[in-house]
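*Asks:* Provided below: coords-v1.cif, containing mmCIF, C-alpha atoms and all ligand atoms.
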```cif
data_model
loop_
_atom_site.label_atom_id
_atom_site.label_comp_id
_atom_site.auth_asym_id
_atom_site.auth_seq_id
_atom_site.Cartn_x
_atom_site.Cartn_y
_atom_site.Cartn_z
CA MET A 1 -13.66 -38.14 -20.03
CA VAL A 2 -16.41 -37.96 -17.43
CA SER A 3 -15.54 -37.67 -13.74
CA GLN A 4 -18.21 -38.83 -11.34
CA ILE A 5 -18.46 -36.94 -8.05
CA ALA A 6 -20.45 -38.54 -5.23
CA LEU A 7 -22.24 -36.01 -3.04
CA LEU A 8 -22.79 -37.45 0.45
CA ALA A 9 -24.40 -34.64 2.43
CA GLY A 10 -25.02 -36.68 5.58
CA ASP A 11 -27.22 -35.03 8.21
CA GLY A 12 -27.45 -31.82 10.26
CA ILE A 13 -25.61 -28.89 8.69
CA GLY A 14 -24.11 -31.38 6.22
CA ILE A 15 -27.27 -30.92 4.12
CA GLU A 16 -27.07 -27.11 4.09
CA ILE A 17 -23.36 -26.84 3.33
CA MET A 18 -23.50 -29.52 0.64
CA ALA A 19 -26.22 -27.51 -1.12
CA GLU A 20 -23.72 -24.66 -1.40
CA ALA A 21 -20.96 -26.92 -2.73
CA GLU A 22 -23.34 -28.31 -5.34
CA LYS A 23 -24.46 -24.80 -6.31
CA LEU A 24 -20.80 -23.87 -6.79
CA LEU A 25 -20.08 -26.95 -8.91
CA ARG A 26 -23.05 -26.21 -11.13
CA ALA A 27 -22.01 -22.55 -11.44
CA LEU A 28 -18.50 -23.61 -12.51
CA ASP A 29 -20.21 -25.55 -15.30
CA ILE A 30 -17.24 -27.82 -15.95
CA LYS A 31 -17.57 -30.22 -18.87
CA GLY A 32 -17.50 -33.91 -18.04
CA LEU A 33 -18.44 -33.65 -14.39
CA SER A 34 -21.35 -35.79 -13.27
CA LEU A 35 -22.81 -35.37 -9.78
CA ILE A 36 -24.59 -38.15 -7.95
CA HIS A 37 -26.26 -37.93 -4.53
CA ALA A 38 -26.28 -40.72 -1.95
CA ASP A 39 -27.60 -40.94 1.61
CA CYS A 40 -25.43 -41.53 4.64
CA GLY A 41 -25.36 -40.83 8.37
CA GLY A 42 -28.58 -40.18 10.26
CA THR A 43 -30.49 -39.50 7.05
CA ALA A 44 -29.57 -42.96 5.73
CA TYR A 45 -30.29 -44.64 9.05
CA HIS A 46 -33.81 -43.20 9.14
CA LYS A 47 -34.50 -44.11 5.48
CA HIS A 48 -32.65 -47.40 5.09
CA GLY A 49 -31.81 -48.62 8.61
CA HIS A 50 -28.04 -48.20 8.18
CA PRO A 51 -25.73 -45.14 8.28
CA LEU A 52 -23.69 -46.40 5.30
CA PRO A 53 -26.00 -48.46 3.04
CA LYS A 54 -24.34 -50.74 0.50
CA ALA A 55 -25.78 -48.65 -2.34
CA THR A 56 -24.00 -45.56 -0.98
CA LEU A 57 -20.73 -47.44 -0.54
CA ASP A 58 -21.00 -48.74 -4.13
CA ILE A 59 -21.59 -45.23 -5.47
CA ALA A 60 -18.59 -43.98 -3.48
CA LYS A 61 -16.38 -46.79 -4.79
CA ASN A 62 -17.41 -46.13 -8.39
CA SER A 63 -16.75 -42.39 -8.21
CA ASP A 64 -13.60 -40.40 -8.92
CA ALA A 65 -14.06 -38.34 -5.78
CA ILE A 66 -16.44 -38.04 -2.85
CA LEU A 67 -17.66 -34.81 -1.35
CA PHE A 68 -18.82 -35.48 2.19
CA GLY A 69 -20.82 -33.06 4.36
CA ALA A 70 -21.06 -34.18 7.97
CA VAL A 71 -22.81 -36.77 10.10
CA GLY A 72 -23.82 -36.94 13.75
CA ASP A 73 -27.62 -36.82 14.05
CA PRO A 74 -28.25 -36.78 17.82
CA SER A 75 -31.54 -38.69 17.41
CA CYS A 76 -29.26 -41.72 16.81
CA ASP A 77 -27.26 -41.24 20.02
CA ASN A 78 -28.73 -44.27 21.74
CA LEU A 79 -28.24 -46.73 18.89
CA ASP A 80 -25.59 -49.44 18.95
CA ARG A 81 -22.23 -48.04 17.93
CA HIS A 82 -22.27 -49.80 14.52
CA LEU A 83 -25.53 -48.02 13.61
CA ARG A 84 -24.49 -44.55 14.70
CA PRO A 85 -24.07 -41.88 11.98
CA GLU A 86 -20.30 -41.56 12.58
CA GLN A 87 -19.93 -45.10 11.24
CA ALA A 88 -20.60 -43.66 7.78
CA VAL A 89 -17.40 -41.68 7.78
CA LEU A 90 -15.36 -44.33 9.62
CA GLY A 91 -16.70 -47.00 7.23
CA LEU A 92 -15.80 -44.96 4.14
CA ARG A 93 -12.30 -44.29 5.48
CA SER A 94 -11.60 -47.96 6.09
CA GLU A 95 -13.50 -49.46 3.11
CA LEU A 96 -11.86 -47.09 0.65
CA GLY A 97 -8.41 -47.23 2.25
CA LEU A 98 -8.39 -43.49 2.91
CA PHE A 99 -5.31 -43.43 5.12
CA ALA A 100 -3.94 -39.93 4.55
CA ASN A 101 -5.85 -36.97 5.91
CA LEU A 102 -4.58 -33.54 4.90
CA ARG A 103 -5.83 -30.62 6.97
CA PRO A 104 -4.45 -27.24 6.02
CA ALA A 105 -4.83 -24.35 8.50
CA LYS A 106 -3.80 -21.01 7.10
CA MET A 107 -4.51 -17.52 8.37
CA MET A 108 -6.49 -15.80 5.64
CA SER A 109 -5.62 -12.19 5.11
CA GLY A 110 -7.78 -9.89 7.25
CA MET A 111 -9.06 -12.69 9.51
CA GLU A 112 -6.57 -12.16 12.35
CA GLY A 113 -9.29 -10.55 14.46
CA SER A 114 -11.34 -13.77 14.40
CA SER A 115 -8.57 -15.96 15.79
CA SER A 116 -8.74 -16.97 19.42
CA LEU A 117 -5.11 -15.84 19.54
CA ARG A 118 -3.75 -12.32 19.54
CA ALA A 119 -3.19 -11.00 16.02
CA ASN A 120 0.60 -10.79 16.43
CA ILE A 121 0.64 -14.52 17.23
CA SER A 122 -1.86 -15.72 14.61
CA GLN A 123 -0.76 -13.56 11.69
CA ASN A 124 1.59 -15.98 9.97
CA ILE A 125 -0.07 -19.34 10.57
CA ASP A 126 0.34 -21.64 7.59
CA MET A 127 0.43 -25.28 8.57
CA LEU A 128 -0.67 -28.58 7.16
CA ILE A 129 -1.68 -31.34 9.53
CA VAL A 130 -1.08 -34.76 7.97
CA ARG A 131 -3.14 -37.15 10.04
CA GLU A 132 -3.08 -40.93 9.70
CA LEU A 133 -6.68 -42.06 9.22
CA ASN A 134 -6.95 -45.84 9.10
CA GLY A 135 -5.36 -46.98 12.33
CA ASP A 136 -4.78 -46.02 15.95
CA VAL A 137 -7.25 -46.29 18.78
CA TYR A 138 -10.24 -45.58 16.49
CA PHE A 139 -9.88 -48.89 14.67
CA GLY A 140 -8.41 -51.13 17.39
CA GLU A 141 -10.34 -53.75 19.31
CA LYS A 142 -12.82 -52.10 21.63
CA GLY A 143 -15.43 -53.16 24.09
CA MET A 144 -16.99 -53.13 27.53
CA ARG A 145 -16.22 -55.80 30.11
CA GLN A 146 -16.25 -56.38 33.82
CA THR A 147 -13.16 -56.42 35.95
CA ASP A 148 -12.53 -59.26 38.42
CA THR A 149 -13.95 -57.02 41.11
CA GLY A 150 -17.14 -56.43 39.12
CA LEU A 151 -16.41 -52.91 37.88
CA ARG A 152 -17.50 -51.88 34.37
CA GLN A 153 -14.43 -51.35 32.20
CA GLY A 154 -14.26 -49.85 28.72
CA TYR A 155 -11.23 -50.45 26.48
CA ASP A 156 -9.94 -49.33 23.09
CA ILE A 157 -6.70 -50.75 21.81
CA MET A 158 -4.20 -48.36 20.24
CA SER A 159 -1.90 -49.94 17.68
CA TYR A 160 0.10 -49.12 14.57
CA ASP A 161 2.21 -51.41 12.45
CA GLU A 162 5.32 -50.09 10.73
CA ASP A 163 3.81 -50.14 7.23
CA GLU A 164 0.96 -47.93 8.37
CA VAL A 165 3.42 -45.43 9.83
CA ARG A 166 5.72 -45.61 6.80
CA ARG A 167 3.06 -44.85 4.19
CA ILE A 168 1.72 -41.80 6.05
CA ALA A 169 5.28 -40.62 6.76
CA HIS A 170 5.98 -40.59 3.00
CA VAL A 171 2.87 -38.45 2.47
CA GLY A 172 4.09 -36.03 5.15
CA PHE A 173 7.62 -35.72 3.79
CA LYS A 174 6.41 -35.26 0.21
CA ALA A 175 4.01 -32.55 1.38
CA ALA A 176 6.85 -30.80 3.23
CA GLN A 177 8.97 -30.86 0.05
CA GLY A 178 6.25 -28.88 -1.71
CA ARG A 179 6.02 -26.36 1.16
CA GLN A 180 8.63 -24.88 3.51
CA GLY A 181 10.54 -28.14 3.85
CA LYS A 182 9.88 -28.62 7.57
CA LEU A 183 8.17 -31.60 9.16
CA CYS A 184 7.33 -31.91 12.84
CA SER A 185 6.31 -35.42 13.87
CA VAL A 186 3.99 -35.37 16.87
CA ASP A 187 3.75 -38.37 19.20
CA LYS A 188 3.85 -39.40 22.83
CA ALA A 189 6.99 -41.52 22.61
CA ASN A 190 7.85 -40.91 26.26
CA VAL A 191 4.84 -43.03 27.28
CA LEU A 192 3.37 -45.02 24.37
CA GLU A 193 4.88 -47.98 22.51
CA THR A 194 2.90 -47.09 19.38
CA SER A 195 4.58 -43.69 19.51
CA GLN A 196 8.05 -45.19 19.95
CA LEU A 197 7.50 -47.22 16.78
CA TRP A 198 6.07 -44.13 15.08
CA ARG A 199 9.20 -42.13 15.91
CA ASP A 200 11.60 -44.90 14.85
CA VAL A 201 9.88 -45.37 11.49
CA VAL A 202 9.63 -41.64 10.80
CA ILE A 203 13.40 -41.35 11.39
CA GLU A 204 13.99 -44.23 8.95
CA VAL A 205 11.80 -42.64 6.28
CA ALA A 206 13.49 -39.25 6.81
CA ALA A 207 16.69 -40.67 5.32
CA GLU A 208 14.96 -40.62 1.92
CA TYR A 209 14.17 -36.92 2.28
CA PRO A 210 17.44 -35.16 3.15
CA ASP A 211 15.97 -31.86 1.97
CA VAL A 212 13.28 -31.93 4.70
CA GLU A 213 14.12 -30.73 8.19
CA LEU A 214 12.64 -33.22 10.70
CA SER A 215 11.76 -32.47 14.31
CA HIS A 216 9.80 -34.38 16.95
CA MET A 217 7.40 -33.09 19.56
CA TYR A 218 5.32 -34.71 22.27
CA VAL A 219 1.64 -34.08 21.68
CA ASP A 220 1.06 -32.20 24.93
CA ASN A 221 3.85 -29.79 24.10
CA ALA A 222 2.57 -29.55 20.50
CA ALA A 223 -0.82 -28.38 21.82
CA MET A 224 0.94 -25.71 23.86
CA GLN A 225 3.22 -24.65 21.02
CA MET A 226 0.25 -24.36 18.69
CA VAL A 227 -1.23 -21.56 20.75
CA LYS A 228 2.11 -20.09 21.83
CA ALA A 229 3.83 -19.83 18.46
CA PRO A 230 1.78 -21.49 15.69
CA GLY A 231 3.89 -19.82 13.00
CA GLN A 232 6.71 -22.29 13.74
CA PHE A 233 4.83 -25.19 12.13
CA ASP A 234 4.92 -26.20 8.48
CA VAL A 235 3.85 -29.85 8.19
CA ILE A 236 2.68 -31.66 11.31
CA LEU A 237 2.72 -35.43 10.90
CA THR A 238 0.71 -37.36 13.45
CA GLY A 239 -1.58 -40.28 14.25
CA ASN A 240 -5.33 -40.50 14.08
CA LEU A 241 -6.28 -39.45 17.62
CA PHE A 242 -3.69 -36.70 18.09
CA GLY A 243 -4.44 -35.35 14.62
CA ASP A 244 -8.15 -35.21 15.35
CA ILE A 245 -7.62 -33.12 18.47
CA LEU A 246 -4.83 -30.89 17.16
CA SER A 247 -6.78 -29.96 14.03
CA ASP A 248 -9.75 -28.63 16.02
CA LEU A 249 -7.22 -26.63 18.02
CA ALA A 250 -5.64 -25.35 14.80
CA SER A 251 -9.05 -24.27 13.53
CA MET A 252 -9.53 -21.78 16.35
CA CYS A 253 -6.05 -20.40 15.75
CA VAL A 254 -7.15 -19.35 12.25
CA GLY A 255 -10.64 -18.15 13.17
CA SER A 256 -13.31 -20.82 12.96
CA ILE A 257 -13.84 -24.52 12.50
CA GLY A 258 -16.17 -23.45 9.68
CA LEU A 259 -13.09 -22.58 7.60
CA LEU A 260 -11.13 -25.82 7.78
CA ALA A 261 -11.24 -28.22 4.85
CA SER A 262 -9.70 -31.64 4.49
CA ALA A 263 -8.74 -34.28 1.97
CA SER A 264 -8.67 -37.99 2.79
CA LEU A 265 -6.54 -39.80 0.27
CA SER A 266 -5.91 -43.41 -0.67
CA GLN A 267 -3.03 -44.99 -2.59
CA GLY A 268 -4.90 -44.31 -5.82
CA ARG A 269 -6.70 -41.32 -7.26
CA LEU A 270 -9.91 -41.67 -5.23
CA GLY A 271 -10.25 -39.18 -2.41
CA LEU A 272 -12.89 -38.01 0.02
CA TYR A 273 -13.20 -34.31 0.75
CA GLU A 274 -14.96 -32.93 3.82
CA PRO A 275 -14.92 -30.10 6.31
CA ILE A 276 -13.21 -31.05 9.56
CA HIS A 277 -16.25 -30.14 11.61
CA GLY A 278 -19.21 -32.34 12.47
CA SER A 279 -22.92 -31.96 11.78
CA ALA A 280 -23.35 -29.22 14.41
CA PRO A 281 -26.83 -30.22 15.64
CA ASP A 282 -26.94 -27.04 17.75
CA ILE A 283 -27.24 -24.88 14.62
CA ALA A 284 -28.61 -27.34 12.03
CA GLY A 285 -31.51 -26.26 9.82
CA GLN A 286 -31.08 -22.56 10.61
CA GLN A 287 -29.02 -21.47 7.59
CA ILE A 288 -26.30 -20.10 9.86
CA ALA A 289 -23.59 -22.70 9.26
CA ASN A 290 -20.49 -21.48 7.49
CA PRO A 291 -20.21 -23.37 4.15
CA LEU A 292 -16.63 -22.25 3.46
CA ALA A 293 -14.96 -25.35 4.91
CA MET A 294 -17.13 -27.42 2.57
CA ILE A 295 -16.38 -25.14 -0.38
CA LEU A 296 -12.64 -25.21 0.36
CA SER A 297 -12.88 -29.01 0.52
CA THR A 298 -14.29 -28.87 -3.00
CA ALA A 299 -11.19 -26.92 -4.04
CA MET A 300 -9.01 -29.65 -2.53
CA MET A 301 -10.96 -32.20 -4.58
CA PHE A 302 -10.04 -30.42 -7.81
CA ARG A 303 -6.40 -30.31 -6.71
CA HIS A 304 -5.93 -33.87 -5.50
CA SER A 305 -8.44 -36.09 -7.34
CA LEU A 306 -9.23 -34.21 -10.53
CA ASP A 307 -5.78 -32.75 -11.31
CA ASN A 308 -7.29 -29.34 -11.87
CA GLU A 309 -5.13 -26.85 -9.98
CA GLU A 310 -6.59 -23.98 -11.98
CA ILE A 311 -10.13 -24.53 -10.65
CA ALA A 312 -8.82 -25.26 -7.14
CA ALA A 313 -6.99 -21.93 -7.06
CA LYS A 314 -9.99 -20.13 -8.55
CA ILE A 315 -12.27 -21.38 -5.75
CA GLU A 316 -9.72 -20.55 -3.05
CA GLN A 317 -9.29 -17.02 -4.41
CA ALA A 318 -13.07 -16.50 -4.49
CA VAL A 319 -13.27 -17.62 -0.84
CA ALA A 320 -10.43 -15.27 0.14
CA LYS A 321 -12.21 -12.38 -1.63
CA THR A 322 -15.50 -13.22 0.10
CA LEU A 323 -13.78 -13.00 3.49
CA ALA A 324 -11.84 -9.88 2.53
CA ASP A 325 -15.16 -8.27 1.52
CA ASN A 326 -16.35 -8.95 5.06
CA ILE A 327 -19.09 -11.40 4.08
CA LEU A 328 -18.95 -13.42 7.26
CA GLY A 329 -21.12 -16.02 8.94
CA ARG A 330 -22.05 -15.92 12.62
CA ASP A 331 -19.07 -18.06 13.55
CA LEU A 332 -16.87 -15.16 12.41
CA GLY A 333 -18.97 -12.45 13.98
CA GLY A 334 -20.98 -11.61 10.83
CA LEU A 335 -24.61 -11.96 9.77
CA ALA A 336 -24.42 -13.68 6.36
CA SER A 337 -26.51 -16.82 5.98
CA THR A 338 -25.23 -20.12 4.64
CA SER A 339 -26.65 -19.51 1.17
CA GLU A 340 -25.61 -15.85 1.11
CA ILE A 341 -22.02 -16.94 1.70
CA GLY A 342 -22.32 -19.56 -1.05
CA ASP A 343 -23.73 -16.94 -3.46
CA ALA A 344 -20.97 -14.50 -2.56
CA VAL A 345 -18.28 -17.05 -3.42
CA ILE A 346 -19.94 -17.82 -6.76
CA ALA A 347 -20.16 -14.10 -7.56
CA ARG A 348 -16.39 -13.81 -7.01
CA LEU A 349 -15.28 -16.80 -9.08
P1 LIG B 401 -19.15 -30.06 15.56
O1 LIG B 401 -17.92 -29.85 14.74
O2 LIG B 401 -20.34 -30.56 14.86
O3 LIG B 401 -19.53 -28.67 16.28
C1 LIG B 401 -18.67 -28.04 17.22
C2 LIG B 401 -19.08 -26.58 17.36
O4 LIG B 401 -18.68 -25.86 16.19
C3 LIG B 401 -20.59 -26.37 17.49
O5 LIG B 401 -20.83 -25.31 18.37
C4 LIG B 401 -21.03 -26.02 16.09
O6 LIG B 401 -22.17 -25.20 16.03
C5 LIG B 401 -19.80 -25.28 15.55
N1 LIG B 401 -19.65 -25.47 14.11
C6 LIG B 401 -19.26 -26.62 13.48
N2 LIG B 401 -19.27 -26.45 12.16
C7 LIG B 401 -19.64 -25.18 11.93
C8 LIG B 401 -19.84 -24.40 10.74
N3 LIG B 401 -19.65 -24.89 9.50
N4 LIG B 401 -20.26 -23.12 10.87
C9 LIG B 401 -20.45 -22.59 12.09
N5 LIG B 401 -20.28 -23.27 13.25
C10 LIG B 401 -19.89 -24.55 13.17
O7 LIG B 401 -18.71 -31.05 16.73
P2 LIG B 401 -19.59 -31.72 17.89
O8 LIG B 401 -20.64 -30.79 18.34
O9 LIG B 401 -18.61 -32.24 18.83
O10 LIG B 401 -20.27 -32.95 17.17
C11 LIG B 401 -21.58 -32.98 16.62
C12 LIG B 401 -21.79 -34.30 15.94
O11 LIG B 401 -20.95 -34.39 14.78
C13 LIG B 401 -21.41 -35.50 16.81
O12 LIG B 401 -22.36 -36.51 16.62
C14 LIG B 401 -20.05 -35.94 16.28
O13 LIG B 401 -19.79 -37.30 16.47
C15 LIG B 401 -20.20 -35.61 14.82
N6 LIG B 401 -18.93 -35.37 14.11
C16 LIG B 401 -18.88 -35.77 12.81
C17 LIG B 401 -17.77 -35.54 12.04
C18 LIG B 401 -17.81 -35.90 10.59
O14 LIG B 401 -18.88 -36.03 10.03
N7 LIG B 401 -16.69 -36.06 9.92
C19 LIG B 401 -16.58 -34.89 12.60
C20 LIG B 401 -16.75 -34.43 13.96
C21 LIG B 401 -17.88 -34.69 14.69
MG MG B 402 -12.71 -34.20 14.86
#
```
Mind turning the file's structure into structure tokens?
*Replies:*
Amino acid sequence: MVSQIALLAGDGIGIEIMAEAEKLLRALDIKGLSLIHADCGGTAYHKHGHPLPKATLDIAKNSDAILFGAVGDPSCDNLDRHLRPEQAVLGLRSELGLFANLRPAKMMSGMEGSSSLRANISQNIDMLIVRELNGDVYFGEKGMRQTDTGLRQGYDIMSYDEDEVRRIAHVGFKAAQGRQGKLCSVDKANVLETSQLWRDVVIEVAAEYPDVELSHMYVDNAAMQMVKAPGQFDVILTGNLFGDILSDLASMCVGSIGLLASASLSQGRLGLYEPIHGSAPDIAGQQIANPLAMILSTAMMFRHSLDNEEIAAKIEQAVAKTLADNILGRDLGGLASTSEIGDAVIARL
């Protein structure tokens, strides 16, 4: 059986880190894997006039998994919102029904010194953020209008229906069952109606998972707890906006945003795998981006879309060895270039 993998590098450092993921896939030399490139983000806008051309969407839909680099080309900053590079990733998430975003943040052995936290606080971080990805304020009605008194007013509507909360809650509880059995649901139920519904539905779903210990936390407290005692978290279940913010916070607890991978899953087998960071225009084209988040996303692809735990573990172990051997990019205080890091991982497979 042939599995088709779509490689959507995007723009900025997306291009450089995708080159390393592709190099790794070719080095693994797995039978029945076909790789196909497609443009998206700023690159696609400049070539085809749209950040997510239909041809790219079709390739994504017809693949078994999508590896996604990053988008965010600043030369597109002044375009209408629907033409901006970020629409590529938002469009893929909604068109492909990618509602479940898994973002693991684990302290790798020997990396405690790179955390923004003191080593005694960061040493035992091992959490999984389960972020809802198809709803919330990102997909609600939005616009600009004038108030009665003539002031400019921007608005973005935040909403969740109970089915959206239920299906992500099941993902969170199942993930907790395969880990330490603890799930912390993060919301702002003291202020937001969407959060009240979120909490009610999560409590309903919890009845089906008596073996999982459920707790609730307001998002402001969760941000504080994450830097105070991050070791307390196992699975964090949360909405789109809170999950976006908390996962960047989690990344600095374990060392660098350049280490955090993610999986975006649908009801079926198709998944999209990408680093949690953006296209980092400030360092693009310099070969100093850390490709490990992209490479670890590739490992997640083998685990979740290709049912190949063996290869997933092999890649993760090679990454751990690379770090343990002190082959570090600038983000972690080292000097290794993007491609040197990619080569080092391949050498340790
Ligand atoms: P960013 O994640 O691109 O960069 C934040 C900071 O982290 C920068 O200083 C950057 O140099 C650094 N950084 C990020 N990835 C790194 C890596 N692999 N190695 C070393 N350093 C790394 O976020 P920012 O600057 O807020 O956004 C830049 C553009 O990316 C924006 O247009 C934004 O909308 C877009 N973006 C796209 C995402 C995606 O494609 N899924 C996600 C987040 C942002
Ligand atoms: Mg983000």
*Asks:* With ligand LIG 401 (chain B) as the partner and 9 Å as the cut-off, tabulate the residues of chain A that qualify, each row holding the nearest pair of atoms and their distance in Å to one decimal, using all atoms listed in the file, sorted by chain and rising number, as JSON lines.
*Replies:*
```
{"residue": "A:Gly10", "atom": "CA", "partner": "B:LIG401", "partner_atom": "O14", "distance": 7.6}
{"residue": "A:Asp11", "atom": "CA", "partner": "B:LIG401", "partner_atom": "O14", "distance": 8.6}
{"residue": "A:Gly12", "atom": "CA", "partner": "B:LIG401", "partner_atom": "O11", "distance": 8.3}
{"residue": "A:Ile13", "atom": "CA", "partner": "B:LIG401", "partner_atom": "N3", "distance": 7.2}
{"residue": "A:Gly14", "atom": "CA", "partner": "B:LIG401", "partner_atom": "O14", "distance": 8.0}
{"residue": "A:Ile17", "atom": "CA", "partner": "B:LIG401", "partner_atom": "N3", "distance": 7.5}
{"residue": "A:Gly41", "atom": "CA", "partner": "B:LIG401", "partner_atom": "O14", "distance": 8.2}
{"residue": "A:Phe68", "atom": "CA", "partner": "B:LIG401", "partner_atom": "O14", "distance": 7.9}
{"residue": "A:Gly69", "atom": "CA", "partner": "B:LIG401", "partner_atom": "O14", "distance": 6.7}
{"residue": "A:Ala70", "atom": "CA", "partner": "B:LIG401", "partner_atom": "O14", "distance": 3.5}
{"residue": "A:Val71", "atom": "CA", "partner": "B:LIG401", "partner_atom": "O14", "distance": 4.0}
{"residue": "A:Gly72", "atom": "CA", "partner": "B:LIG401", "partner_atom": "O12", "distance": 3.2}
{"residue": "A:Asp73", "atom": "CA", "partner": "B:LIG401", "partner_atom": "O12", "distance": 5.9}
{"residue": "A:Pro74", "atom": "CA", "partner": "B:LIG401", "partner_atom": "O12", "distance": 6.0}
{"residue": "A:Cys76", "atom": "CA", "partner": "B:LIG401", "partner_atom": "O12", "distance": 8.6}
{"residue": "A:Asp77", "atom": "CA", "partner": "B:LIG401", "partner_atom": "O12", "distance": 7.6}
{"residue": "A:Arg84", "atom": "CA", "partner": "B:LIG401", "partner_atom": "O12", "distance": 8.5}
{"residue": "A:Pro85", "atom": "CA", "partner": "B:LIG401", "partner_atom": "O12", "distance": 7.3}
{"residue": "A:Glu86", "atom": "CA", "partner": "B:LIG401", "partner_atom": "O13", "distance": 5.8}
{"residue": "A:Ala88", "atom": "CA", "partner": "B:LIG401", "partner_atom": "O14", "distance": 8.1}
{"residue": "A:Val89", "atom": "CA", "partner": "B:LIG401", "partner_atom": "N7", "distance": 6.1}
{"residue": "A:Leu90", "atom": "CA", "partner": "B:LIG401", "partner_atom": "N7", "distance": 8.4}
{"residue": "A:Asp244", "atom": "CA", "partner": "B:LIG401", "partner_atom": "C20", "distance": 8.7}
{"residue": "A:Asp248", "atom": "CA", "partner": "B:LIG401", "partner_atom": "O1", "distance": 8.4}
{"residue": "A:Ser256", "atom": "CA", "partner": "B:LIG401", "partner_atom": "N5", "distance": 7.4}
{"residue": "A:Ile257", "atom": "CA", "partner": "B:LIG401", "partner_atom": "N2", "distance": 5.8}
{"residue": "A:Gly258", "atom": "CA", "partner": "B:LIG401", "partner_atom": "N3", "distance": 3.8}
{"residue": "A:Leu259", "atom": "CA", "partner": "B:LIG401", "partner_atom": "N3", "distance": 7.2}
{"residue": "A:Leu260", "atom": "CA", "partner": "B:LIG401", "partner_atom": "N3", "distance": 8.7}
{"residue": "A:Glu274", "atom": "CA", "partner": "B:LIG401", "partner_atom": "N7", "distance": 7.1}
{"residue": "A:Pro275", "atom": "CA", "partner": "B:LIG401", "partner_atom": "N7", "distance": 7.2}
{"residue": "A:Ile276", "atom": "CA", "partner": "B:LIG401", "partner_atom": "C19", "distance": 5.9}
{"residue": "A:His277", "atom": "CA", "partner": "B:LIG401", "partner_atom": "O1", "distance": 3.6}
{"residue": "A:Gly278", "atom": "CA", "partner": "B:LIG401", "partner_atom": "O2", "distance": 3.2}
{"residue": "A:Ser279", "atom": "CA", "partner": "B:LIG401", "partner_atom": "O2", "distance": 4.3}
{"residue": "A:Ala280", "atom": "CA", "partner": "B:LIG401", "partner_atom": "O2", "distance": 3.3}
{"residue": "A:Pro281", "atom": "CA", "partner": "B:LIG401", "partner_atom": "C11", "distance": 6.0}
{"residue": "A:Asp282", "atom": "CA", "partner": "B:LIG401", "partner_atom": "O6", "distance": 5.4}
{"residue": "A:Ile283", "atom": "CA", "partner": "B:LIG401", "partner_atom": "O6", "distance": 5.3}
{"residue": "A:Ala284", "atom": "CA", "partner": "B:LIG401", "partner_atom": "O6", "distance": 7.9}
{"residue": "A:Ile288", "atom": "CA", "partner": "B:LIG401", "partner_atom": "C9", "distance": 6.7}
{"residue": "A:Ala289", "atom": "CA", "partner": "B:LIG401", "partner_atom": "N4", "distance": 3.7}
{"residue": "A:Asn290", "atom": "CA", "partner": "B:LIG401", "partner_atom": "N4", "distance": 3.8}
{"residue": "A:Pro291", "atom": "CA", "partner": "B:LIG401", "partner_atom": "N3", "distance": 5.6}
{"residue": "A:Leu292", "atom": "CA", "partner": "B:LIG401", "partner_atom": "N3", "distance": 7.3}
{"residue": "A:Ala293", "atom": "CA", "partner": "B:LIG401", "partner_atom": "N3", "distance": 6.6}
{"residue": "A:Met294", "atom": "CA", "partner": "B:LIG401", "partner_atom": "N3", "distance": 7.8}
{"residue": "A:Gly329", "atom": "CA", "partner": "B:LIG401", "partner_atom": "C9", "distance": 7.3}
{"residue": "A:Arg330", "atom": "CA", "partner": "B:LIG401", "partner_atom": "C9", "distance": 6.9}
{"residue": "A:Asp331", "atom": "CA", "partner": "B:LIG401", "partner_atom": "C9", "distance": 5.0}
{"residue": "A:Leu332", "atom": "CA", "partner": "B:LIG401", "partner_atom": "C9", "distance": 8.3}
{"residue": "A:Thr338", "atom": "CA", "partner": "B:LIG401", "partner_atom": "N4", "distance": 8.5}
```
*Asks:* Measure the distance from atom CA of Ala324 of chain A to atom CA of Gly110 of chain A in Å and round it to one decimal.
*Replies:*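 The value is 6.2 Å.
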*Asks:* Taking all atoms listed in the file into account, name the residue in A:Gly32, A:Gly243, A:Gly231, A:Gly143 that is nearest to ligand MG 402 (chain B).
*Replies:*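 So, comparing all the options, the nearest one is A:Gly243.
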*Asks:* Centre and edge lengths of an axis-aligned box around all listed atoms of segment 7-10 of chain A, with 6 Å added on each side, are to be given in Å to one decimal, as AutoDock Vina command-line options.
*Replies:*
```
--center_x -23.6 --center_y -36.0 --center_z 1.3 --size_x 14.8 --size_y 14.8 --size_z 20.6
```
*Asks:* Go through A:Ser247, A:Asn124, A:Thr322, A:Ser195 one by one, measure the shortest atom-to-atom distance of each to ligand MG 402 (chain B) using all atoms listed in the file, and give the residue with the smallest value.
*Replies:*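 Going through A:Ser247, A:Asn124, A:Thr322, A:Ser195 one by one, the smallest distance to ligand MG 402 (chain B) is for A:Ser247.
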*Asks:* Excluding Lys182 of chain A and its own-chain neighbours fewer than 2 positions away, which residues fall within 10 Å of it when counting all atoms listed in the file? Please give them as a PyMOL selection string.
*Replies:* chain A and resi 172-173+175-180+184-185+211-215+232-236
*Asks:* Taking all atoms listed in the file into account, name the residue in A:Ile125, A:Leu270, A:Leu133, A:Met108 that is nearest to ligand MG 402 (chain B).
*Replies:*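 Nearest candidate to ligand MG 402 (chain B) out of A:Ile125, A:Leu270, A:Leu133, A:Met108: A:Leu133.
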*Asks:* Record the distance separating atom CA of Lys23 of chain A and atom CA of Ala318 of chain A, expressed in Å with one decimal.
*Replies:*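 So the answer is 14.2 Å.
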*Asks:* Hey, can you check how far atom CA of Ser114 of chain A sits from atom CA of Gly333 of chain A?
*Replies:*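 We find that atom CA of Ser114 of chain A and atom CA of Gly333 of chain A lie 7.8 Å from each other.
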